[in-house]
Amino acid sequence: MWRRNPKGDTRNPEEVRDAILQSVLSQDHWIIEGVHHRWLVDSFKQADAIIYLDPPVRKRSRRIVSRFIKQRLGLEAGNYMLSFSHLLQLMKWNRDFDRKIRPDIFRVLESYKSKLILLEDNSYFEPYLAQWSANRPLVLAEAARRAEE
């Protein structure tokens, strides 16, 4: 829900973000990913399943550092060039995620626990997804969105 710009990304205003979300939800098939749990409640209501990828902190940290190195070496493209200070911010966010953000996500998802599938490793994701028919709506709420790439 960002507006991409060569000079730097900016967040869309809430009304634009919400309009984009409603546009996505009006489609027959969709997948939504991210940690934006508070404003995705409409998608949780409409989803057939909510898959929460929940890798351990160490695994997420390794992936963040790996992505940083690959981008700095030009081996991987990103939406923005990670600086060392941004790497430190990501590492702090990752460290604090389980203590601060994850509990809030699970409070929001409590109402949808009959739809919730918790996966600790993304290697379980594809086999699980293969079980679903291609015409079902699905919400992918990923705990460490970019760290899983």
# chains A, B, ... in the order shown; residues from 1 in each chain; ligands from 1
>>> residues_around(residues="range 13-17 of chain A", least_positions_apart="4", cutoff="10 Å", atoms="only C-alpha atoms", output="list in words")
Met1, Trp2, Arg3, Leu21, Gln22, Ser23 and Trp39 of chain A
>>> write_last_selection(atoms="N, CA and C atoms", output="PDB file, in the first residue's frame")
ATOM      1  N   MET A   1       0.809  -1.192   0.000  1.00  0.00           N
ATOM      2  CA  MET A   1       0.000   0.000   0.000  1.00  0.00           C
ATOM      3  C   MET A   1       0.851   1.254   0.000  1.00  0.00           C
ATOM      4  N   TRP A   2       1.967   1.106  -0.687  1.00  0.00           N
ATOM      5  CA  TRP A   2       2.903   2.205  -0.832  1.00  0.00           C
ATOM      6  C   TRP A   2       2.804   2.797  -2.234  1.00  0.00           C
ATOM      7  N   ARG A   3       3.116   4.044  -2.331  1.00  0.00           N
ATOM      8  CA  ARG A   3       3.256   4.702  -3.620  1.00  0.00           C
ATOM      9  C   ARG A   3       4.752   4.699  -3.919  1.00  0.00           C
ATOM     10  N   LEU A  21      -7.711  -1.704  -1.181  1.00  0.00           N
ATOM     11  CA  LEU A  21      -8.091  -2.967  -0.543  1.00  0.00           C
ATOM     12  C   LEU A  21      -9.482  -3.408  -0.996  1.00  0.00           C
ATOM     13  N   GLN A  22     -10.438  -2.502  -1.003  1.00  0.00           N
ATOM     14  CA  GLN A  22     -11.798  -2.869  -1.420  1.00  0.00           C
ATOM     15  C   GLN A  22     -11.828  -3.308  -2.883  1.00  0.00           C
ATOM     16  N   SER A  23     -11.017  -2.682  -3.702  1.00  0.00           N
ATOM     17  CA  SER A  23     -10.921  -3.076  -5.107  1.00  0.00           C
ATOM     18  C   SER A  23     -10.405  -4.505  -5.235  1.00  0.00           C
ATOM     19  N   TRP A  39      -5.828  -3.031   9.592  1.00  0.00           N
ATOM     20  CA  TRP A  39      -6.719  -2.525   8.553  1.00  0.00           C
ATOM     21  C   TRP A  39      -7.095  -3.583   7.520  1.00  0.00           C
TER      22      TRP A  39
END
>>> select_by_dssp(residues="chain A", states="alpha helix (DSSP H)", output="PyMOL selection string")
chain A and resi 14-25+41-46+57-72+84-96+102-109+125-131
>>> write_last_selection(atoms="C-alpha atoms", output="PDB file, in the first residue's frame")
ATOM      1  CA  GLU A  14      -5.807   5.782   4.468  1.00  0.00           C
ATOM      2  CA  GLU A  15      -8.683   6.510   2.099  1.00  0.00           C
ATOM      3  CA  VAL A  16      -6.552   5.532  -0.927  1.00  0.00           C
ATOM      4  CA  ARG A  17      -5.218   2.435   0.840  1.00  0.00           C
ATOM      5  CA  ASP A  18      -8.743   1.374   1.848  1.00  0.00           C
ATOM      6  CA  ALA A  19     -10.063   1.931  -1.685  1.00  0.00           C
ATOM      7  CA  ILE A  20      -7.258  -0.250  -3.078  1.00  0.00           C
ATOM      8  CA  LEU A  21      -8.091  -2.967  -0.543  1.00  0.00           C
ATOM      9  CA  GLN A  22     -11.798  -2.869  -1.420  1.00  0.00           C
ATOM     10  CA  SER A  23     -10.921  -3.076  -5.107  1.00  0.00           C
ATOM     11  CA  VAL A  24      -8.856  -6.207  -4.443  1.00  0.00           C
ATOM     12  CA  LEU A  25     -11.596  -7.761  -2.284  1.00  0.00           C
ATOM     13  CA  VAL A  41     -10.025  -7.058   8.917  1.00  0.00           C
ATOM     14  CA  ASP A  42     -12.370  -6.932   5.898  1.00  0.00           C
ATOM     15  CA  SER A  43     -10.075  -9.359   4.105  1.00  0.00           C
ATOM     16  CA  PHE A  44     -10.042 -11.687   7.123  1.00  0.00           C
ATOM     17  CA  LYS A  45     -13.846 -11.704   7.115  1.00  0.00           C
ATOM     18  CA  GLN A  46     -14.002 -12.662   3.428  1.00  0.00           C
ATOM     19  CA  VAL A  57      13.395 -14.908  15.014  1.00  0.00           C
ATOM     20  CA  ARG A  58      16.827 -16.309  14.118  1.00  0.00           C
ATOM     21  CA  LYS A  59      15.645 -17.502  10.724  1.00  0.00           C
ATOM     22  CA  ARG A  60      14.064 -14.116   9.991  1.00  0.00           C
ATOM     23  CA  SER A  61      17.270 -12.370  11.089  1.00  0.00           C
ATOM     24  CA  ARG A  62      19.393 -14.536   8.784  1.00  0.00           C
ATOM     25  CA  ARG A  63      17.080 -13.754   5.890  1.00  0.00           C
ATOM     26  CA  ILE A  64      17.149 -10.022   6.576  1.00  0.00           C
ATOM     27  CA  VAL A  65      20.956  -9.992   6.632  1.00  0.00           C
ATOM     28  CA  SER A  66      21.132 -12.234   3.551  1.00  0.00           C
ATOM     29  CA  ARG A  67      18.796  -9.923   1.635  1.00  0.00           C
ATOM     30  CA  PHE A  68      20.840  -6.892   2.730  1.00  0.00           C
ATOM     31  CA  ILE A  69      24.082  -8.478   1.485  1.00  0.00           C
ATOM     32  CA  LYS A  70      22.556  -9.629  -1.812  1.00  0.00           C
ATOM     33  CA  GLN A  71      21.083  -6.194  -2.502  1.00  0.00           C
ATOM     34  CA  ARG A  72      24.305  -4.399  -1.623  1.00  0.00           C
ATOM     35  CA  PHE A  84      23.196  -0.012   7.107  1.00  0.00           C
ATOM     36  CA  SER A  85      20.985   2.115   9.368  1.00  0.00           C
ATOM     37  CA  HIS A  86      17.891   0.616   7.723  1.00  0.00           C
ATOM     38  CA  LEU A  87      19.332  -2.858   8.278  1.00  0.00           C
ATOM     39  CA  LEU A  88      19.692  -2.037  11.977  1.00  0.00           C
ATOM     40  CA  GLN A  89      16.075  -0.787  12.068  1.00  0.00           C
ATOM     41  CA  LEU A  90      14.874  -4.018  10.425  1.00  0.00           C
ATOM     42  CA  MET A  91      16.842  -6.120  12.901  1.00  0.00           C
ATOM     43  CA  LYS A  92      15.347  -4.192  15.837  1.00  0.00           C
ATOM     44  CA  TRP A  93      11.835  -4.507  14.362  1.00  0.00           C
ATOM     45  CA  ASN A  94      12.399  -8.245  13.872  1.00  0.00           C
ATOM     46  CA  ARG A  95      13.650  -8.675  17.444  1.00  0.00           C
ATOM     47  CA  ASP A  96      10.656  -6.779  18.854  1.00  0.00           C
ATOM     48  CA  ARG A 102       2.695 -10.760  17.067  1.00  0.00           C
ATOM     49  CA  PRO A 103       0.439 -10.724  20.181  1.00  0.00           C
ATOM     50  CA  ASP A 104      -1.638  -7.927  18.651  1.00  0.00           C
ATOM     51  CA  ILE A 105      -1.946  -9.860  15.392  1.00  0.00           C
ATOM     52  CA  PHE A 106      -3.217 -12.901  17.264  1.00  0.00           C
ATOM     53  CA  ARG A 107      -5.733 -10.754  19.195  1.00  0.00           C
ATOM     54  CA  VAL A 108      -7.110  -9.540  15.848  1.00  0.00           C
ATOM     55  CA  LEU A 109      -7.077 -13.075  14.394  1.00  0.00           C
ATOM     56  CA  PHE A 125       3.272 -23.392   2.471  1.00  0.00           C
ATOM     57  CA  GLU A 126       3.314 -24.667  -1.116  1.00  0.00           C
ATOM     58  CA  PRO A 127       2.149 -28.209  -0.257  1.00  0.00           C
ATOM     59  CA  TYR A 128      -0.626 -26.724   1.860  1.00  0.00           C
ATOM     60  CA  LEU A 129      -1.641 -24.237  -0.822  1.00  0.00           C
ATOM     61  CA  ALA A 130      -1.714 -27.017  -3.410  1.00  0.00           C
ATOM     62  CA  GLN A 131      -4.560 -28.588  -1.432  1.00  0.00           C
TER      63      GLN A 131
END
>>> closest_residue(among="A:Leu40, A:Ile31, A:Leu53, A:Ile101", to="Asn122 in chain A", atoms="only C-alpha atoms")
A:Leu53
>>> select_by_dssp(residues="range 18-149 of chain A", states="strand (DSSP E or B)", output="ChimeraX atom specification")
/A:31-32,50-53,116-119,138-142
>>> write_last_selection(atoms="C-alpha atoms", output="CSV table (one decimal), in the first residue's frame")
chain,number,residue,atom,x,y,z
A,31,ILE,CA,-4.1,-13.2,-2.0
A,32,ILE,CA,-3.1,-10.5,0.5
A,50,ILE,CA,-5.7,-17.1,6.7
A,51,ILE,CA,-2.2,-18.5,6.5
A,52,TYR,CA,0.2,-17.1,9.1
A,53,LEU,CA,3.8,-17.8,8.4
A,116,LEU,CA,-6.3,-19.7,10.7
A,117,ILE,CA,-3.5,-22.0,9.6
A,118,LEU,CA,-0.2,-21.4,11.4
A,119,LEU,CA,2.9,-22.5,9.6
A,138,LEU,CA,-7.1,-16.6,0.4
A,139,VAL,CA,-5.4,-14.2,2.8
A,140,LEU,CA,-1.7,-14.7,3.4
A,141,ALA,CA,-0.8,-12.8,6.6
A,142,GLU,CA,3.0,-13.2,6.7
>>> atom_distance(atom1="CA of Arg11 in chain A", atom2="CA of Met81 in chain A")
17.2 Å
